[in-house]
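S.K.: I'd like to ask some things about the structure below.
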Amino acid sequence: MFYYVLKYVLLGPLLRLLFRPRIEGLEHIPASGAAIVAGNHLSFSDHFLMPAVLKRRITFLAKAEYFTGPGIKGRLTAAFFHSVGQIPVDRSGKEAGQAAIREGLGVLAKDELLGIYPEGTRSHDGRLYKGKVGVAVMALRAQAPVVPCAMIGTFEAQPPGKVVPRLHPVVIRFGEPLDFSRYAGMENEKAVLRAITDEIMYAILKLSGQEYVDRYAAVVKAEEEAAAKERTAGRRRPRLPLG
């Protein structure tokens, strides 16, 4: 109940008023039945803007950190995500991917919309990164179509680290559903899963116009953070006296 109050009475109208998002391809979202909406992930605002424009309820697999943050802000964030039916997923450990797949399949089994970001994390620089194959596994096991989605302008509206978003034009663009029924029964074939995931990411790329990086975002982000720490440590090292 709170999901619909938030969407149609509270947050939804406010977001549409402030950002006035231009919506393209909304007719590609199936009116009923299970479907996966796979999008790029540029901003924390993505969690609110896409659901606000959809006629159907959509459930996202959200990182567990959103539900375990400290202090008042953490409790409020957790309460919000719980109230709108989002599912926490622990992304650490070897079983993280399987846990996310199980949760996603549970949503699809109820003929609902599942929202997923195949990159696995927000883009830290606005580029589109290599997708993880979990989305392909779910599409095959649930026999569900995948609707590619591109969020455009949300990185500029709320880049990483910015708490309060700035007003910036936003476009939310949905592409034609992708049907992978030709691969039925092949969800254990690594090459097939990679091919499906790459097809989904290419569809998102065509919609978003982003620069594509054929590496995982989390890996690139970790490397850049390590390099930044190394540079900082280098500046702090005391210089030895000469002579």
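In the structure tokens, chains take the letters A, B, ... in the order shown, each chain's residues start at 1, and ligands count up from 1 in the order shown.
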Counting only C-alpha atoms, which residues of region 161-241 of chain A sit at most 12 Å from some atom of region 131-141 of chain A, and what is each one's closest atom pair with its distance in Å to one decimal, listed by chain and rising residue number, as JSON lines?
M.R.:
{"residue": "A:Pro177", "atom": "CA", "partner": "A:Ala139", "partner_atom": "CA", "distance": 11.5}
{"residue": "A:Leu178", "atom": "CA", "partner": "A:Ala139", "partner_atom": "CA", "distance": 9.7}
{"residue": "A:Asp179", "atom": "CA", "partner": "A:Ala139", "partner_atom": "CA", "distance": 8.8}
{"residue": "A:Phe180", "atom": "CA", "partner": "A:Leu140", "partner_atom": "CA", "distance": 6.9}
{"residue": "A:Ser181", "atom": "CA", "partner": "A:Leu140", "partner_atom": "CA", "distance": 7.1}
{"residue": "A:Arg182", "atom": "CA", "partner": "A:Leu140", "partner_atom": "CA", "distance": 9.4}
{"residue": "A:Tyr183", "atom": "CA", "partner": "A:Leu140", "partner_atom": "CA", "distance": 7.2}
{"residue": "A:Ala184", "atom": "CA", "partner": "A:Leu140", "partner_atom": "CA", "distance": 6.0}
{"residue": "A:Gly185", "atom": "CA", "partner": "A:Leu140", "partner_atom": "CA", "distance": 7.2}
{"residue": "A:Met186", "atom": "CA", "partner": "A:Leu140", "partner_atom": "CA", "distance": 7.6}
{"residue": "A:Glu187", "atom": "CA", "partner": "A:Val137", "partner_atom": "CA", "distance": 5.5}
{"residue": "A:Asn188", "atom": "CA", "partner": "A:Val137", "partner_atom": "CA", "distance": 8.1}
{"residue": "A:Glu189", "atom": "CA", "partner": "A:Val137", "partner_atom": "CA", "distance": 9.7}
{"residue": "A:Lys190", "atom": "CA", "partner": "A:Val133", "partner_atom": "CA", "distance": 8.7}
{"residue": "A:Ala191", "atom": "CA", "partner": "A:Val133", "partner_atom": "CA", "distance": 10.1}
{"residue": "A:Val192", "atom": "CA", "partner": "A:Ala136", "partner_atom": "CA", "distance": 8.6}
{"residue": "A:Leu193", "atom": "CA", "partner": "A:Ala136", "partner_atom": "CA", "distance": 5.5}
{"residue": "A:Arg194", "atom": "CA", "partner": "A:Val133", "partner_atom": "CA", "distance": 6.2}
{"residue": "A:Ala195", "atom": "CA", "partner": "A:Ala136", "partner_atom": "CA", "distance": 8.8}
{"residue": "A:Ile196", "atom": "CA", "partner": "A:Ala136", "partner_atom": "CA", "distance": 5.9}
{"residue": "A:Thr197", "atom": "CA", "partner": "A:Val133", "partner_atom": "CA", "distance": 5.6}
{"residue": "A:Asp198", "atom": "CA", "partner": "A:Gly131", "partner_atom": "CA", "distance": 6.9}
{"residue": "A:Glu199", "atom": "CA", "partner": "A:Gly131", "partner_atom": "CA", "distance": 9.8}
{"residue": "A:Ile200", "atom": "CA", "partner": "A:Gly131", "partner_atom": "CA", "distance": 8.3}
{"residue": "A:Met201", "atom": "CA", "partner": "A:Gly131", "partner_atom": "CA", "distance": 6.4}
{"residue": "A:Tyr202", "atom": "CA", "partner": "A:Gly131", "partner_atom": "CA", "distance": 9.8}
{"residue": "A:Ala203", "atom": "CA", "partner": "A:Gly131", "partner_atom": "CA", "distance": 11.7}
{"residue": "A:Ile204", "atom": "CA", "partner": "A:Gly131", "partner_atom": "CA", "distance": 10.5}
{"residue": "A:Leu205", "atom": "CA", "partner": "A:Gly131", "partner_atom": "CA", "distance": 11.3}
{"residue": "A:Tyr212", "atom": "CA", "partner": "A:Gly131", "partner_atom": "CA", "distance": 10.7}
{"residue": "A:Val213", "atom": "CA", "partner": "A:Gly131", "partner_atom": "CA", "distance": 10.1}
{"residue": "A:Asp214", "atom": "CA", "partner": "A:Gly131", "partner_atom": "CA", "distance": 8.7}
{"residue": "A:Arg215", "atom": "CA", "partner": "A:Gly131", "partner_atom": "CA", "distance": 8.5}
{"residue": "A:Tyr216", "atom": "CA", "partner": "A:Gly131", "partner_atom": "CA", "distance": 7.0}
{"residue": "A:Ala217", "atom": "CA", "partner": "A:Gly131", "partner_atom": "CA", "distance": 8.8}
{"residue": "A:Ala218", "atom": "CA", "partner": "A:Gly131", "partner_atom": "CA", "distance": 10.9}
S.K.: Write down as a PDB file with N, CA and C atoms, in the first residue's frame the residues belonging to region 12-238 of chain A that are assigned strand (DSSP E) by DSSP computed on the backbone.
M.R.:
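To be explicit, this is the file written out as part.pdb:
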ATOM      1  N   ARG A  22      11.686  13.227 -19.624  1.00  0.00           N
ATOM      2  CA  ARG A  22      11.091  12.866 -20.906  1.00  0.00           C
ATOM      3  C   ARG A  22      11.146  11.353 -21.031  1.00  0.00           C
ATOM      4  N   ILE A  23       9.996  10.757 -21.253  1.00  0.00           N
ATOM      5  CA  ILE A  23       9.899   9.305 -21.294  1.00  0.00           C
ATOM      6  C   ILE A  23       9.730   8.856 -22.741  1.00  0.00           C
ATOM      7  N   GLU A  24      10.556   7.912 -23.147  1.00  0.00           N
ATOM      8  CA  GLU A  24      10.475   7.386 -24.502  1.00  0.00           C
ATOM      9  C   GLU A  24      10.382   5.856 -24.460  1.00  0.00           C
ATOM     10  N   ALA A  35       8.724  -9.820 -16.520  1.00  0.00           N
ATOM     11  CA  ALA A  35       9.665  -9.176 -17.428  1.00  0.00           C
ATOM     12  C   ALA A  35      10.786  -8.562 -16.609  1.00  0.00           C
ATOM     13  N   ILE A  36      11.950  -8.472 -17.223  1.00  0.00           N
ATOM     14  CA  ILE A  36      13.119  -7.863 -16.590  1.00  0.00           C
ATOM     15  C   ILE A  36      13.389  -6.530 -17.270  1.00  0.00           C
ATOM     16  N   VAL A  37      13.519  -5.478 -16.469  1.00  0.00           N
ATOM     17  CA  VAL A  37      13.940  -4.177 -16.987  1.00  0.00           C
ATOM     18  C   VAL A  37      15.405  -4.005 -16.601  1.00  0.00           C
ATOM     19  N   ALA A  38      16.284  -4.032 -17.590  1.00  0.00           N
ATOM     20  CA  ALA A  38      17.728  -3.960 -17.360  1.00  0.00           C
ATOM     21  C   ALA A  38      18.246  -2.601 -17.806  1.00  0.00           C
ATOM     22  N   GLY A  39      18.818  -1.861 -16.883  1.00  0.00           N
ATOM     23  CA  GLY A  39      19.238  -0.504 -17.220  1.00  0.00           C
ATOM     24  C   GLY A  39      20.661  -0.182 -16.821  1.00  0.00           C
ATOM     25  N   ILE A  58       7.523  -2.137  -9.924  1.00  0.00           N
ATOM     26  CA  ILE A  58       8.778  -2.796 -10.257  1.00  0.00           C
ATOM     27  C   ILE A  58       9.579  -2.997  -8.987  1.00  0.00           C
ATOM     28  N   THR A  59      10.182  -4.163  -8.851  1.00  0.00           N
ATOM     29  CA  THR A  59      11.007  -4.493  -7.693  1.00  0.00           C
ATOM     30  C   THR A  59      12.458  -4.577  -8.125  1.00  0.00           C
ATOM     31  N   PHE A  60      13.307  -3.852  -7.419  1.00  0.00           N
ATOM     32  CA  PHE A  60      14.732  -3.871  -7.715  1.00  0.00           C
ATOM     33  C   PHE A  60      15.483  -4.724  -6.702  1.00  0.00           C
ATOM     34  N   LEU A  61      16.544  -5.320  -7.150  1.00  0.00           N
ATOM     35  CA  LEU A  61      17.490  -5.959  -6.248  1.00  0.00           C
ATOM     36  C   LEU A  61      18.467  -4.876  -5.807  1.00  0.00           C
ATOM     37  N   ALA A  62      18.369  -4.467  -4.550  1.00  0.00           N
ATOM     38  CA  ALA A  62      19.184  -3.362  -4.044  1.00  0.00           C
ATOM     39  C   ALA A  62      20.315  -3.900  -3.174  1.00  0.00           C
ATOM     40  N   LYS A  63      21.442  -3.225  -3.200  1.00  0.00           N
ATOM     41  CA  LYS A  63      22.570  -3.692  -2.404  1.00  0.00           C
ATOM     42  C   LYS A  63      22.236  -3.611  -0.918  1.00  0.00           C
ATOM     43  N   ILE A  87      14.469  -5.448  -2.537  1.00  0.00           N
ATOM     44  CA  ILE A  87      15.040  -6.633  -1.921  1.00  0.00           C
ATOM     45  C   ILE A  87      16.538  -6.437  -1.684  1.00  0.00           C
ATOM     46  N   PRO A  88      16.989  -6.565  -0.418  1.00  0.00           N
ATOM     47  CA  PRO A  88      18.427  -6.428  -0.157  1.00  0.00           C
ATOM     48  C   PRO A  88      19.191  -7.652  -0.631  1.00  0.00           C
ATOM     49  N   VAL A  89      20.324  -7.410  -1.248  1.00  0.00           N
ATOM     50  CA  VAL A  89      21.174  -8.496  -1.735  1.00  0.00           C
ATOM     51  C   VAL A  89      22.595  -8.250  -1.251  1.00  0.00           C
ATOM     52  N   LEU A 113       7.385  -7.283 -12.487  1.00  0.00           N
ATOM     53  CA  LEU A 113       8.534  -6.654 -13.130  1.00  0.00           C
ATOM     54  C   LEU A 113       9.727  -6.680 -12.181  1.00  0.00           C
ATOM     55  N   LEU A 114      10.867  -7.066 -12.715  1.00  0.00           N
ATOM     56  CA  LEU A 114      12.108  -7.063 -11.950  1.00  0.00           C
ATOM     57  C   LEU A 114      13.058  -6.049 -12.560  1.00  0.00           C
ATOM     58  N   GLY A 115      13.556  -5.145 -11.737  1.00  0.00           N
ATOM     59  CA  GLY A 115      14.537  -4.177 -12.201  1.00  0.00           C
ATOM     60  C   GLY A 115      15.933  -4.603 -11.799  1.00  0.00           C
ATOM     61  N   ILE A 116      16.867  -4.496 -12.721  1.00  0.00           N
ATOM     62  CA  ILE A 116      18.236  -4.926 -12.425  1.00  0.00           C
ATOM     63  C   ILE A 116      19.225  -4.043 -13.182  1.00  0.00           C
ATOM     64  N   LEU A 128      29.528   3.337 -19.540  1.00  0.00           N
ATOM     65  CA  LEU A 128      28.811   2.075 -19.409  1.00  0.00           C
ATOM     66  C   LEU A 128      29.828   0.940 -19.348  1.00  0.00           C
ATOM     67  N   TYR A 129      29.665   0.083 -18.341  1.00  0.00           N
ATOM     68  CA  TYR A 129      30.644  -0.979 -18.126  1.00  0.00           C
ATOM     69  C   TYR A 129      30.066  -2.359 -18.455  1.00  0.00           C
ATOM     70  N   VAL A 146      13.547  -9.299 -21.739  1.00  0.00           N
ATOM     71  CA  VAL A 146      14.369  -8.267 -21.105  1.00  0.00           C
ATOM     72  C   VAL A 146      14.147  -6.951 -21.840  1.00  0.00           C
ATOM     73  N   VAL A 147      13.706  -5.940 -21.110  1.00  0.00           N
ATOM     74  CA  VAL A 147      13.501  -4.613 -21.692  1.00  0.00           C
ATOM     75  C   VAL A 147      14.705  -3.744 -21.339  1.00  0.00           C
ATOM     76  N   PRO A 148      15.504  -3.339 -22.317  1.00  0.00           N
ATOM     77  CA  PRO A 148      16.639  -2.465 -22.010  1.00  0.00           C
ATOM     78  C   PRO A 148      16.164  -1.061 -21.674  1.00  0.00           C
ATOM     79  N   CYS A 149      16.858  -0.419 -20.761  1.00  0.00           N
ATOM     80  CA  CYS A 149      16.477   0.928 -20.334  1.00  0.00           C
ATOM     81  C   CYS A 149      17.725   1.785 -20.194  1.00  0.00           C
ATOM     82  N   ALA A 150      17.628   3.030 -20.621  1.00  0.00           N
ATOM     83  CA  ALA A 150      18.731   3.973 -20.490  1.00  0.00           C
ATOM     84  C   ALA A 150      18.283   5.188 -19.694  1.00  0.00           C
ATOM     85  N   MET A 151      18.998   5.453 -18.616  1.00  0.00           N
ATOM     86  CA  MET A 151      18.812   6.676 -17.853  1.00  0.00           C
ATOM     87  C   MET A 151      19.814   7.688 -18.392  1.00  0.00           C
ATOM     88  N   ILE A 152      19.335   8.830 -18.816  1.00  0.00           N
ATOM     89  CA  ILE A 152      20.190   9.852 -19.415  1.00  0.00           C
ATOM     90  C   ILE A 152      20.027  11.145 -18.634  1.00  0.00           C
ATOM     91  N   VAL A 171      16.215  12.059 -19.315  1.00  0.00           N
ATOM     92  CA  VAL A 171      15.485  11.255 -20.290  1.00  0.00           C
ATOM     93  C   VAL A 171      15.527   9.806 -19.822  1.00  0.00           C
ATOM     94  N   ILE A 172      14.378   9.150 -19.844  1.00  0.00           N
ATOM     95  CA  ILE A 172      14.307   7.723 -19.522  1.00  0.00           C
ATOM     96  C   ILE A 172      13.793   7.021 -20.767  1.00  0.00           C
ATOM     97  N   ARG A 173      14.646   6.187 -21.335  1.00  0.00           N
ATOM     98  CA  ARG A 173      14.360   5.605 -22.655  1.00  0.00           C
ATOM     99  C   ARG A 173      14.314   4.075 -22.549  1.00  0.00           C
ATOM    100  N   PHE A 174      13.189   3.496 -22.980  1.00  0.00           N
ATOM    101  CA  PHE A 174      13.019   2.044 -22.973  1.00  0.00           C
ATOM    102  C   PHE A 174      13.102   1.515 -24.402  1.00  0.00           C
ATOM    103  N   TYR A 212      31.516   2.963 -23.929  1.00  0.00           N
ATOM    104  CA  TYR A 212      31.493   1.619 -23.353  1.00  0.00           C
ATOM    105  C   TYR A 212      32.894   1.183 -22.951  1.00  0.00           C
ATOM    106  N   VAL A 213      32.971   0.540 -21.790  1.00  0.00           N
ATOM    107  CA  VAL A 213      34.232  -0.013 -21.279  1.00  0.00           C
ATOM    108  C   VAL A 213      34.040  -1.511 -21.085  1.00  0.00           C
TER     109      VAL A 213
END
S.K.: Quick one: everything within 12 Å of Gly161 (chain A), counting only C-alpha atoms, minus sequence neighbours fewer than 3 positions away in the same chain. Send it as a PyMOL selection string.
M.R.: chain A and resi 42-44+122+124-125+155-158+164-165
S.K.: Go ahead and compute the interatomic distance for CA of Lys229 (chain A) and CA of Arg127 (chain A), in Å to one decimal.
M.R.: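 Here the two named atoms are 22.4 Å from each other.
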S.K.: Tell me which of A:Val170, A:Val220, A:Ala226, A:Ala233 sits closest to Ser208 (chain A), counting only C-alpha atoms.
M.R.: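 Closest to Ser208 (chain A) of all the choices is A:Val170.
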S.K.: How many Å lie between CA of Ser45 (chain A) and CA of Gly126 (chain A), rounded to one decimal?
M.R.: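 So the two atoms, CA of Ser45 (chain A) and CA of Gly126 (chain A), lie 13.8 Å apart.
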S.K.: Can you list, as a PyMOL selection string, every residue of region 81-148 of chain A that DSSP puts in alpha helix (DSSP H)?
M.R.: chain A and resi 81-83+96-109+134-142
S.K.: Between A:Leu49, A:Gly71, A:Glu95, A:Leu108, which residue has the minimum interatomic distance to Phe19 (chain A), considering only C-alpha atoms?
M.R.: A:Leu49
